[in-house]
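Chemist: This is the structure, below, for whatever I ask next.
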Protein chains: 4
Amino acid sequence: MTAEKRLPFASDYQQGAHPRILERLAAANMEANAGYGTDVHSEHAREFIRDACGAPQAEVHFLVGGTQANAVTIDALLAPWQGVVAADSGHVSVHEAGAIEACGHKVIQLPERDGKLGAADVDALATSWEQDENRDHMVMPGPVYISQPTEYGTLYSLEELTALRTACDAHGMRLYVDGARLAYALSALGNDVTLPDLAHLTDAFYIGGTKCGALLGEAVVFPKPGTCPHFFTLVKQHGALLAKGMVAGIQFETLFDEGLYLRIGTKAVEQAGRIAHALDDAGCELLHPQQTNQVFVALDEKRYATLSARVEMSFWERLADGRTAVRLATSWASSDEDVDALVALLRD
Amino acid sequence: MTAEKRLPFASDYQQGAHPRILERLAAANMEANAGYGTDVHSEHAREFIRDACGAPQAEVHFLVGGTQANAVTIDALLAPWQGVVAADSGHVSVHEAGAIEACGHKVIQLPERDGKLGAADVDALATSWEQDENRDHMVMPGPVYISQPTEYGTLYSLEELTALRTACDAHGMRLYVDGARLAYALSALGNDVTLPDLAHLTDAFYIGGTKCGALLGEAVVFPKPGTCPHFFTLVKQHGALLAKGMVAGIQFETLFDEGLYLRIGTKAVEQAGRIAHALDDAGCELLHPQQTNQVFVALDEKRYATLSARVEMSFWERLADGRTAVRLATSWASSDEDVDALVALLRD
Amino acid sequence: MTAEKRLPFASDYQQGAHPRILERLAAANMEANAGYGTDVHSEHAREFIRDACGAPQAEVHFLVGGTQANAVTIDALLAPWQGVVAADSGHVSVHEAGAIEACGHKVIQLPERDGKLGAADVDALATSWEQDENRDHMVMPGPVYISQPTEYGTLYSLEELTALRTACDAHGMRLYVDGARLAYALSALGNDVTLPDLAHLTDAFYIGGTKCGALLGEAVVFPKPGTCPHFFTLVKQHGALLAKGMVAGIQFETLFDEGLYLRIGTKAVEQAGRIAHALDDAGCELLHPQQTNQVFVALDEKRYATLSARVEMSFWERLADGRTAVRLATSWASSDEDVDALVALLRD
Amino acid sequence: MTAEKRLPFASDYQQGAHPRILERLAAANMEANAGYGTDVHSEHAREFIRDACGAPQAEVHFLVGGTQANAVTIDALLAPWQGVVAADSGHVSVHEAGAIEACGHKVIQLPERDGKLGAADVDALATSWEQDENRDHMVMPGPVYISQPTEYGTLYSLEELTALRTACDAHGMRLYVDGARLAYALSALGNDVTLPDLAHLTDAFYIGGTKCGALLGEAVVFPKPGTCPHFFTLVKQHGALLAKGMVAGIQFETLFDEGLYLRIGTKAVEQAGRIAHALDDAGCELLHPQQTNQVFVALDEKRYATLSARVEMSFWERLADGRTAVRLATSWASSDEDVDALVALLRD
């Protein structure tokens, strides 16, 4: 629409798939595969993921998108009398059009700090419910939902994650991690939470494909088998089962072959770091620490206007002081040329 | 697993995508597209579909799979006090793991003939409800669900479809068509129901991609705009919204460019015809007339065993007389060599 | 509306409550009771019911109405991937406005004979599901729902009930009995199914109050404690919890004190028997054997008109041959004078 | 259980019904009434309520309890893409075990002041949603839920209610009022919101019976007919339809005959005022202004222990400073003797 193409930093789902994925899809195209995820590629991908997680018994299911993975898994993890506990800023709290509630469950929202849920808040909530004489008239705080990285691109440390697990254990609650952008967490400089940590500390999590190099697809992992009986049927019931399961299977087979998933993350996080520094140098306030591939920054009206003319960014919200919060995101597809151009722009 | 590869006629979703689709996905891979179906390819695909349907005002939404398309659309079409009317053999009645009921709605099942719902049965059901003094204690028969082709591969004629529309109009009911395999209906020899007919006679239908040459994707069409307000949000709420909407958009853009969709169907139906004749010649009873790409046949124990050893088929059901009903399906990916081999096998 | 009052046989919920219930409500009116069913009357009623059922560990919950008791209990008994199995004529299949589906579950309908579900049909359904290769794409047949007496006033014998239990056990299914009119079953002449039998053979059942002498109220009984965890909260969530639980508690305390519940039934069934004989003598076809307090009869046009002018009956359905099926019901409140008058009318 | 009976101020649902209601129930007991709320008493009650509301076209439905009335009405008022807006302290937010979410809808919680929702907060929420570029991925703020009196016994003034209506109108939102304790609001000294005001300013509200003198029953009022089509069937689907509708009908017929409903409130509010003054005089902090029949007070450990031994109160919550918040409630059934005794106790 604009005469000049703007620099593409609006999101991490603007381009297709990592080229190697397209190659593999093409190579397997005429194979006669079994349907519904029972094909050899999906099996192979499951093995790769179990290995990467150090969880040889894990159940792995390939779903299509993040809201879907959250809704189906949380629905399966919850008893009807429970709600899922999430940060106010959690994707399930805000940006999933009520998908959890549409499955019949309350999202019990707690305050966030840099997008993160605190173990003490979870503990206090559960304790308060347990001590309330009216608790049987109230939604029981059930599984805890967090995102790694969070919706603000920040990271839980291993200590924070362990504390959440401890809080959950103290109250018989399950822990579920939304890993829509997990590649960018696993590869972040300061990160100390590995896939085996996630497998060890959570009841379920998903490894994001859509925003980490795939055309689509999220791998839901249950480290302990039997966590959610009949999950396959629930996936079908939610309309989340791919007839051509190999389409997701091949993509995860590729992402987890020879460490591609981590390599994708490393580069994008490095690029996001350069953008964050340039914004900071230009006097723009970063709204959250940049730790992964997303940069949240407050722009005054003039800066927002001039930058928008040249750069695709995501509007986040209007701040109370009149500034606009925007998000810039890198991905496996970001080119150094585009990052250079953005940095140069900010220097002017 | 078997030493020898069996002939692949188990389903029409065993292979990937028509090669031209893979080419187009690769060509567009590094474009920076807008998300959630607002990209130019999706827009372009919508225009192609509107043109093909002779419905310039139609709303077109790209979803991922058939069960999902049915659940989201039927949920949107139904009022809470209504149920959807379907044949006993309808996909929503049997093979969607209760997806419609999980959205809160009853599937009101009527007897089928060759997989089809009769206009007289619909009319009688609605009349009976209207005349029942207890009707306000009962589920109101709401939208009518049919499949074209049906789950048994048979076709509604234009006369039958028009009669259903008339019955619906007589009772203020909507008509919805599941077109999971629509390519194979549109291109069938005896077919007289065109896309413009569907657009003219229905309130909503979907054009199947997954089983008609795409990796995945179904195009839900509302011929009249505004039929289901806020449908985009409902799609999101059901976890059915693709972040990378262009993945579906590019595929339908390809399928509806220069008539590829119909060409795919023509070849597969012709091949299914050859298989049906060979089965008939071999003395196997066809359970339904072969009109599209699916062949339903009853096999005695011995024949079932010997054929299964050489051919991938779909088990359908055990018949009362001990025979096994199986389905053989062709698709855009079936090769003439494989069909020849199957025909030769049956001749022996 | 008519100058002359018609004889009241339309239903068993036309009058208020057995006078002794009103007395007890009045006597307890100014007590300061605890809420939500934790009061002493409810506790007392639970003890009476446990005694009558010979089930000292049973959990007993007082709900308000039949559709509610069915929906809440079936929702609690079912896993999300299961449907409830019921006769075509089952109350949950037809006359509850889709309450089960609104909770997300399919009602899997089987043919009825005199309103009854056959053990062989249940067994065949479950076996068919188990043997179907696509069973994970289908709703699993879950709990079995039957009514005692049935919607047509007929009775399961102990042998039939035991056969159903055996069929359920063979497939890991639960058995639930809707006892909306249980008083009229327990006291029927030919009946051989006692409350202890129900407690022994079912996973849950409810003892109807509304149609058996109470203003309202149904007692849901789980013979084995812990059958449905957090049932209290589910009752609340469904909006089915009475703040003034003693209103139901006092009524069941009264009904199960000194055998009132059975006495109520005995008289009404006897009266229904007189009506059935009179109809038969008058040449009217009984549509089902009269075993309890309901009489279903086919009336030709003229007889329907003349009788309707003098008697309140329930329209049931228009029969294919033009006759009208109607129901006449007696209850604890039917007077011998009214029965005499009806019998006299039929004699003319 | 305690040797001495404690003074009954735990709630307004401890006793049965106003004596006149019991009389009327007894008087009508042997009438043969039509079922499901079509009886003459229900019709009569509807007429009384329409008169009292100055809303001759209003639709009036009798349901059983408050959580049920909220869930059914809110479910009927909401589109699937909408959530209901409520105060953090709203009954639907906290004490209904997730009944709204179980119907598929999000409760969008806003901060409360003395239990009240501010028009400015509603306006800001709706404006923020409208201006958010991601709004189609979010739950649309739909109907606004408030309680009159609030869960803390406080009152909206006519000015506040009108401001809420204006905010709703500005954003196309509906307004719904939970009147579980409406008798105590209508009769409060400072109250300036009448039944005709509610009918004029809201889209739906319910007139509480259970806590205002009835055994059970809530009257849902839609001032404009046709607000929620097929509401009767929705009531049935939710298991909320009384077979013996006259049981609710007779009670509301009594409450709205000769102003009984208001008289019940007047006395109880006066008594609550005496209790509030006594608590204040005793140096106990009232947590909210006492305006109706509920008094919320903070008690230190010692006072809580000594008072609990003599008075039935409702535990509300543990305060951060270690004190306990409790609720005392009066009702139509509170005797002056008991109030005198409580006041005397507090004086010591």
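Simple scheme: letters A, B, ... for chains in structure tokens order, numbers from 1 for residues in each chain, numbers from 1 for ligands in the order shown.
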Onto chain B, please fit chain A by least squares using all C-alpha atoms in order, then return the transformed chain as a short mmCIF file (atom, residue, chain, number, x, y, z; two decimals) with C-alpha atoms, in the first residue's frame.
Modeler:
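Dumped to part.cif:
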```cif
data_model
loop_
_atom_site.label_atom_id
_atom_site.label_comp_id
_atom_site.auth_asym_id
_atom_site.auth_seq_id
_atom_site.Cartn_x
_atom_site.Cartn_y
_atom_site.Cartn_z
CA MET A 1 5.71 -52.62 7.61
CA THR A 2 4.77 -55.14 4.95
CA ALA A 3 7.72 -56.02 2.74
CA GLU A 4 5.77 -54.86 -0.26
CA LYS A 5 4.12 -51.46 -0.35
CA ARG A 6 0.35 -51.76 -0.53
CA LEU A 7 -1.69 -49.78 -3.02
CA PRO A 8 -2.80 -46.55 -1.31
CA PHE A 9 -6.59 -46.29 -1.47
CA ALA A 10 -7.36 -45.90 2.21
CA SER A 11 -8.37 -42.26 2.03
CA ASP A 12 -8.06 -39.00 0.19
CA TYR A 13 -5.79 -37.48 2.81
CA GLN A 14 -2.73 -39.70 2.60
CA GLN A 15 -0.53 -37.48 0.45
CA GLY A 16 0.54 -33.86 0.83
CA ALA A 17 -0.67 -31.17 -1.54
CA HIS A 18 -0.99 -30.70 -5.25
CA PRO A 19 2.51 -29.77 -6.45
CA ARG A 20 1.38 -26.37 -7.63
CA ILE A 21 0.36 -25.50 -4.09
CA LEU A 22 3.79 -26.35 -2.77
CA GLU A 23 5.33 -24.18 -5.46
CA ARG A 24 3.19 -21.22 -4.53
CA LEU A 25 3.87 -21.65 -0.82
CA ALA A 26 7.58 -21.67 -1.56
CA ALA A 27 7.36 -18.65 -3.83
CA ALA A 28 5.57 -16.59 -1.18
CA ASN A 29 7.62 -17.86 1.73
CA MET A 30 9.65 -14.76 2.50
CA GLU A 31 6.89 -12.24 1.96
CA ALA A 32 5.95 -10.27 5.06
CA ASN A 33 2.25 -10.93 5.18
CA ALA A 34 -0.35 -9.62 7.56
CA GLY A 35 -1.68 -12.19 9.99
CA TYR A 36 -5.00 -13.86 10.72
CA GLY A 37 -6.27 -14.01 7.16
CA THR A 38 -5.95 -10.33 6.34
CA ASP A 39 -3.13 -10.97 3.85
CA VAL A 40 -3.34 -10.36 0.11
CA HIS A 41 -3.37 -14.06 -0.78
CA SER A 42 -6.40 -14.70 1.40
CA GLU A 43 -8.08 -11.64 -0.08
CA HIS A 44 -7.24 -12.87 -3.55
CA ALA A 45 -8.55 -16.34 -2.78
CA ARG A 46 -11.77 -14.84 -1.45
CA GLU A 47 -12.23 -12.96 -4.71
CA PHE A 48 -11.66 -16.13 -6.75
CA ILE A 49 -14.21 -18.00 -4.64
CA ARG A 50 -16.80 -15.24 -4.82
CA ASP A 51 -16.37 -15.27 -8.60
CA ALA A 52 -16.66 -19.04 -8.84
CA CYS A 53 -19.81 -18.91 -6.71
CA GLY A 54 -21.35 -15.99 -8.57
CA ALA A 55 -21.77 -14.41 -5.15
CA PRO A 56 -19.96 -11.09 -5.11
CA GLN A 57 -21.12 -10.25 -1.58
CA ALA A 58 -20.20 -13.57 -0.03
CA GLU A 59 -18.16 -13.72 3.16
CA VAL A 60 -15.38 -16.30 3.00
CA HIS A 61 -13.40 -17.55 5.98
CA PHE A 62 -10.54 -20.04 5.86
CA LEU A 63 -10.54 -22.64 8.59
CA VAL A 64 -8.28 -25.64 9.07
CA GLY A 65 -10.29 -28.86 9.02
CA GLY A 66 -13.70 -30.30 8.41
CA THR A 67 -14.86 -31.09 11.94
CA GLN A 68 -13.72 -27.63 12.94
CA ALA A 69 -15.49 -25.94 10.02
CA ASN A 70 -18.68 -27.81 10.88
CA ALA A 71 -18.54 -27.08 14.60
CA VAL A 72 -17.73 -23.38 14.28
CA THR A 73 -20.23 -22.70 11.50
CA ILE A 74 -23.06 -24.71 12.99
CA ASP A 75 -22.44 -23.13 16.39
CA ALA A 76 -22.68 -19.72 14.73
CA LEU A 77 -25.82 -20.60 12.75
CA LEU A 78 -27.74 -22.05 15.70
CA ALA A 79 -29.69 -20.30 18.40
CA PRO A 80 -29.24 -21.90 21.83
CA TRP A 81 -32.72 -23.40 21.69
CA GLN A 82 -32.13 -25.08 18.33
CA GLY A 83 -30.56 -28.33 17.21
CA VAL A 84 -28.99 -29.14 13.89
CA VAL A 85 -30.82 -31.67 11.72
CA ALA A 86 -28.62 -34.29 10.07
CA ALA A 87 -28.75 -37.76 8.57
CA ASP A 88 -27.94 -40.68 10.86
CA SER A 89 -24.89 -41.21 8.71
CA GLY A 90 -23.87 -37.55 8.75
CA HIS A 91 -20.32 -36.76 9.72
CA VAL A 92 -21.58 -34.54 12.54
CA SER A 93 -23.78 -37.38 13.79
CA VAL A 94 -21.12 -40.04 13.96
CA HIS A 95 -17.50 -39.16 13.35
CA GLU A 96 -16.79 -35.88 15.05
CA ALA A 97 -16.44 -37.12 18.62
CA GLY A 98 -19.40 -35.06 19.76
CA ALA A 99 -18.02 -31.73 18.56
CA ILE A 100 -21.48 -30.24 17.99
CA GLU A 101 -22.74 -31.33 21.38
CA ALA A 102 -19.57 -29.99 22.97
CA CYS A 103 -20.75 -26.60 21.67
CA GLY A 104 -24.06 -27.17 23.44
CA HIS A 105 -26.28 -28.30 20.59
CA LYS A 106 -28.23 -31.45 19.85
CA VAL A 107 -27.81 -33.24 16.54
CA ILE A 108 -31.33 -34.28 15.59
CA GLN A 109 -30.79 -37.41 13.54
CA LEU A 110 -33.03 -38.49 10.68
CA PRO A 111 -32.83 -41.68 8.63
CA GLU A 112 -30.63 -41.57 5.53
CA ARG A 113 -30.98 -43.09 2.11
CA ASP A 114 -27.62 -43.57 0.39
CA GLY A 115 -26.32 -41.05 2.86
CA LYS A 116 -28.90 -38.47 1.90
CA LEU A 117 -31.50 -36.57 3.90
CA GLY A 118 -34.94 -36.31 2.29
CA ALA A 119 -36.82 -33.03 2.07
CA ALA A 120 -40.01 -34.81 3.13
CA ASP A 121 -38.35 -36.07 6.30
CA VAL A 122 -37.13 -32.60 7.15
CA ASP A 123 -40.57 -31.17 6.52
CA ALA A 124 -42.24 -33.86 8.62
CA LEU A 125 -39.84 -33.29 11.50
CA ALA A 126 -40.38 -29.54 11.53
CA THR A 127 -44.13 -29.91 11.16
CA SER A 128 -44.26 -32.40 13.99
CA TRP A 129 -42.35 -30.01 16.23
CA GLU A 130 -44.58 -27.09 15.29
CA GLN A 131 -47.71 -29.07 16.05
CA ASP A 132 -46.47 -30.55 19.30
CA GLU A 133 -48.09 -28.90 22.29
CA ASN A 134 -44.91 -29.57 24.22
CA ARG A 135 -42.63 -28.00 21.62
CA ASP A 136 -41.31 -25.37 24.01
CA HIS A 137 -39.92 -28.23 26.11
CA MET A 138 -38.16 -29.66 23.09
CA VAL A 139 -35.17 -28.73 20.94
CA MET A 140 -36.37 -26.72 17.96
CA PRO A 141 -35.21 -28.22 14.66
CA GLY A 142 -32.83 -25.57 13.41
CA PRO A 143 -30.38 -25.55 10.54
CA VAL A 144 -30.24 -28.58 8.27
CA TYR A 145 -26.83 -30.15 7.73
CA ILE A 146 -26.09 -32.16 4.60
CA SER A 147 -22.88 -33.20 2.87
CA GLN A 148 -22.19 -32.88 -0.83
CA PRO A 149 -21.00 -35.44 -1.72
CA THR A 150 -22.35 -37.44 1.21
CA GLU A 151 -20.28 -39.56 3.54
CA TYR A 152 -21.11 -42.47 1.18
CA GLY A 153 -19.88 -40.60 -1.87
CA THR A 154 -23.34 -40.03 -3.28
CA LEU A 155 -24.75 -36.79 -4.67
CA TYR A 156 -27.75 -34.62 -4.09
CA SER A 157 -29.29 -33.61 -7.38
CA LEU A 158 -30.26 -30.00 -7.96
CA GLU A 159 -33.86 -31.10 -7.59
CA GLU A 160 -33.19 -32.73 -4.24
CA LEU A 161 -31.24 -29.73 -3.01
CA THR A 162 -33.96 -27.36 -4.14
CA ALA A 163 -36.56 -29.48 -2.35
CA LEU A 164 -34.52 -29.26 0.85
CA ARG A 165 -34.30 -25.50 0.46
CA THR A 166 -38.06 -25.33 -0.01
CA ALA A 167 -38.61 -27.44 3.10
CA CYS A 168 -36.25 -25.20 5.06
CA ASP A 169 -38.00 -22.06 3.85
CA ALA A 170 -41.37 -23.47 4.84
CA HIS A 171 -40.16 -23.67 8.43
CA GLY A 172 -37.72 -20.80 8.73
CA MET A 173 -34.73 -23.15 8.83
CA ARG A 174 -31.27 -22.54 7.46
CA LEU A 175 -29.41 -24.92 5.16
CA TYR A 176 -25.74 -25.73 5.56
CA VAL A 177 -23.64 -27.95 3.29
CA ASP A 178 -20.48 -29.77 4.31
CA GLY A 179 -18.29 -29.83 1.21
CA ALA A 180 -15.28 -31.68 2.57
CA ARG A 181 -14.99 -33.45 -0.79
CA LEU A 182 -16.76 -30.85 -2.89
CA ALA A 183 -14.21 -31.04 -5.73
CA TYR A 184 -15.28 -34.62 -6.37
CA ALA A 185 -18.96 -33.64 -6.43
CA LEU A 186 -18.58 -30.65 -8.71
CA SER A 187 -16.69 -32.70 -11.25
CA ALA A 188 -18.80 -35.86 -11.13
CA LEU A 189 -20.40 -36.95 -14.39
CA GLY A 190 -24.00 -36.93 -13.24
CA ASN A 191 -23.70 -33.85 -11.05
CA ASP A 192 -25.96 -30.90 -11.75
CA VAL A 193 -25.26 -28.83 -8.62
CA THR A 194 -22.79 -26.02 -9.24
CA LEU A 195 -21.06 -23.62 -6.88
CA PRO A 196 -23.51 -20.85 -7.84
CA ASP A 197 -26.33 -23.28 -7.02
CA LEU A 198 -24.84 -23.85 -3.58
CA ALA A 199 -24.44 -20.11 -3.09
CA HIS A 200 -28.01 -19.57 -4.19
CA LEU A 201 -29.62 -22.39 -2.21
CA THR A 202 -27.73 -22.46 1.07
CA ASP A 203 -27.07 -20.16 3.99
CA ALA A 204 -23.56 -21.47 4.41
CA PHE A 205 -21.34 -24.15 2.99
CA TYR A 206 -17.68 -25.00 3.01
CA ILE A 207 -15.40 -25.83 0.13
CA GLY A 208 -13.09 -28.61 1.22
CA GLY A 209 -9.39 -28.21 0.78
CA THR A 210 -7.81 -30.94 2.93
CA LYS A 211 -9.30 -33.81 0.92
CA CYS A 212 -9.17 -31.99 -2.41
CA GLY A 213 -5.53 -31.19 -2.96
CA ALA A 214 -4.48 -28.93 -0.09
CA LEU A 215 -2.25 -29.65 2.90
CA LEU A 216 -5.15 -28.44 4.98
CA GLY A 217 -7.84 -25.78 4.90
CA GLU A 218 -11.56 -25.40 4.33
CA ALA A 219 -13.24 -22.30 2.93
CA VAL A 220 -16.45 -21.45 4.78
CA VAL A 221 -18.74 -19.41 2.54
CA PHE A 222 -21.68 -17.29 3.68
CA PRO A 223 -23.37 -16.23 0.44
CA LYS A 224 -25.27 -13.47 2.23
CA PRO A 225 -23.02 -11.11 4.22
CA GLY A 226 -23.92 -10.68 7.85
CA THR A 227 -25.37 -14.18 8.17
CA CYS A 228 -23.29 -14.81 11.28
CA PRO A 229 -22.13 -11.61 12.97
CA HIS A 230 -18.71 -11.58 14.62
CA PHE A 231 -17.79 -14.85 12.91
CA PHE A 232 -14.11 -13.90 13.01
CA THR A 233 -14.21 -13.72 16.79
CA LEU A 234 -16.08 -17.02 17.00
CA VAL A 235 -13.40 -18.62 14.83
CA LYS A 236 -10.78 -17.30 17.25
CA GLN A 237 -12.79 -18.44 20.26
CA HIS A 238 -12.97 -21.96 18.84
CA GLY A 239 -9.17 -22.00 18.41
CA ALA A 240 -9.69 -22.17 14.66
CA LEU A 241 -7.90 -19.01 13.55
CA LEU A 242 -4.58 -19.45 11.76
CA ALA A 243 -1.97 -16.88 12.78
CA LYS A 244 -0.36 -17.43 9.39
CA GLY A 245 -3.60 -17.09 7.49
CA MET A 246 -1.70 -16.90 4.24
CA VAL A 247 -0.96 -20.63 4.53
CA ALA A 248 -4.62 -21.35 3.85
CA GLY A 249 -5.04 -18.32 1.62
CA ILE A 250 -2.28 -19.31 -0.78
CA GLN A 251 -3.68 -22.80 -1.08
CA PHE A 252 -7.17 -21.67 -2.02
CA GLU A 253 -5.73 -18.99 -4.26
CA THR A 254 -4.00 -21.81 -6.12
CA LEU A 255 -6.94 -24.22 -6.15
CA PHE A 256 -9.26 -21.60 -7.60
CA ASP A 257 -6.83 -20.24 -10.14
CA GLU A 258 -7.51 -21.56 -13.65
CA GLY A 259 -9.89 -24.25 -12.50
CA LEU A 260 -7.41 -26.47 -10.68
CA TYR A 261 -10.02 -27.47 -8.10
CA LEU A 262 -12.31 -28.99 -10.72
CA ARG A 263 -9.52 -30.67 -12.64
CA ILE A 264 -8.37 -32.40 -9.46
CA GLY A 265 -11.83 -33.79 -8.99
CA THR A 266 -12.42 -34.96 -12.55
CA LYS A 267 -9.45 -37.26 -12.63
CA ALA A 268 -10.09 -38.83 -9.23
CA VAL A 269 -13.73 -39.53 -9.95
CA GLU A 270 -12.83 -41.19 -13.22
CA GLN A 271 -10.34 -43.42 -11.40
CA ALA A 272 -12.92 -44.29 -8.74
CA GLY A 273 -15.26 -45.28 -11.57
CA ARG A 274 -12.73 -47.76 -12.89
CA ILE A 275 -12.30 -49.27 -9.43
CA ALA A 276 -16.05 -49.55 -8.91
CA HIS A 277 -16.49 -51.35 -12.21
CA ALA A 278 -13.68 -53.74 -11.43
CA LEU A 279 -15.20 -54.56 -8.05
CA ASP A 280 -18.57 -55.07 -9.61
CA ASP A 281 -17.08 -57.31 -12.30
CA ALA A 282 -15.40 -59.28 -9.55
CA GLY A 283 -18.78 -59.95 -7.97
CA CYS A 284 -18.37 -57.64 -5.01
CA GLU A 285 -21.47 -55.78 -3.94
CA LEU A 286 -21.23 -52.01 -4.08
CA LEU A 287 -23.08 -50.69 -1.04
CA HIS A 288 -23.88 -47.34 -2.58
CA PRO A 289 -23.83 -46.05 -6.15
CA GLN A 290 -20.33 -44.81 -6.96
CA GLN A 291 -20.72 -41.23 -7.99
CA THR A 292 -17.62 -39.48 -6.74
CA ASN A 293 -14.19 -40.50 -5.46
CA GLN A 294 -15.28 -42.98 -2.81
CA VAL A 295 -16.28 -46.60 -3.38
CA PHE A 296 -18.09 -48.53 -0.65
CA VAL A 297 -18.08 -52.26 -1.08
CA ALA A 298 -18.96 -55.35 0.95
CA LEU A 299 -16.26 -58.00 1.07
CA ASP A 300 -16.55 -61.52 2.37
CA GLU A 301 -13.99 -62.70 4.86
CA LYS A 302 -11.66 -64.30 2.36
CA ARG A 303 -11.75 -61.47 -0.13
CA TYR A 304 -11.23 -58.96 2.69
CA ALA A 305 -8.16 -60.82 3.87
CA THR A 306 -6.56 -61.23 0.46
CA LEU A 307 -7.31 -57.72 -0.68
CA SER A 308 -6.16 -56.15 2.59
CA ALA A 309 -2.80 -57.78 2.14
CA ARG A 310 -2.25 -55.84 -1.06
CA VAL A 311 -4.37 -52.74 -0.77
CA GLU A 312 -4.77 -50.05 1.87
CA MET A 313 -8.52 -49.63 2.39
CA SER A 314 -10.62 -48.11 5.16
CA PHE A 315 -12.56 -50.43 7.41
CA TRP A 316 -16.11 -49.06 7.57
CA GLU A 317 -18.17 -51.52 9.55
CA ARG A 318 -18.93 -55.16 10.13
CA LEU A 319 -22.15 -56.05 8.34
CA ALA A 320 -24.84 -58.16 9.93
CA ASP A 321 -24.15 -61.01 7.50
CA GLY A 322 -20.51 -61.22 8.50
CA ARG A 323 -19.10 -59.36 5.52
CA THR A 324 -16.96 -56.27 6.00
CA ALA A 325 -17.85 -52.93 4.52
CA VAL A 326 -14.77 -51.08 3.34
CA ARG A 327 -14.12 -47.82 1.61
CA LEU A 328 -11.65 -47.22 -1.20
CA ALA A 329 -10.89 -43.62 -2.06
CA THR A 330 -9.04 -41.97 -4.88
CA SER A 331 -7.75 -38.42 -4.82
CA TRP A 332 -5.78 -35.87 -6.82
CA ALA A 333 -2.74 -37.99 -5.87
CA SER A 334 -3.90 -41.36 -7.18
CA SER A 335 -1.73 -42.59 -10.00
CA ASP A 336 -3.06 -44.47 -13.00
CA GLU A 337 -0.43 -47.13 -12.30
CA ASP A 338 -1.90 -47.82 -8.88
CA VAL A 339 -5.43 -47.93 -10.28
CA ASP A 340 -4.28 -50.29 -13.04
CA ALA A 341 -2.64 -52.52 -10.46
CA LEU A 342 -5.79 -52.62 -8.33
CA VAL A 343 -7.98 -53.41 -11.32
CA ALA A 344 -5.61 -56.17 -12.31
CA LEU A 345 -5.68 -57.58 -8.80
CA LEU A 346 -9.46 -57.70 -8.86
CA ARG A 347 -9.48 -59.46 -12.20
CA ASP A 348 -7.56 -62.42 -10.73
#
```
Chemist: When DSSP is applied to the backbone of this structure, which of segment 104-160 of chain C are assigned strand (DSSP E or B)? Write them out as a ChimeraX atom specification.
Modeler: /C:107-110,113,116,140-147
Chemist: Can you list every residue in segment 72-103 of chain B that DSSP puts in alpha helix (DSSP H), as an NGL selection string?
Modeler: :B and (72-77 or 91-94 or 99-102)
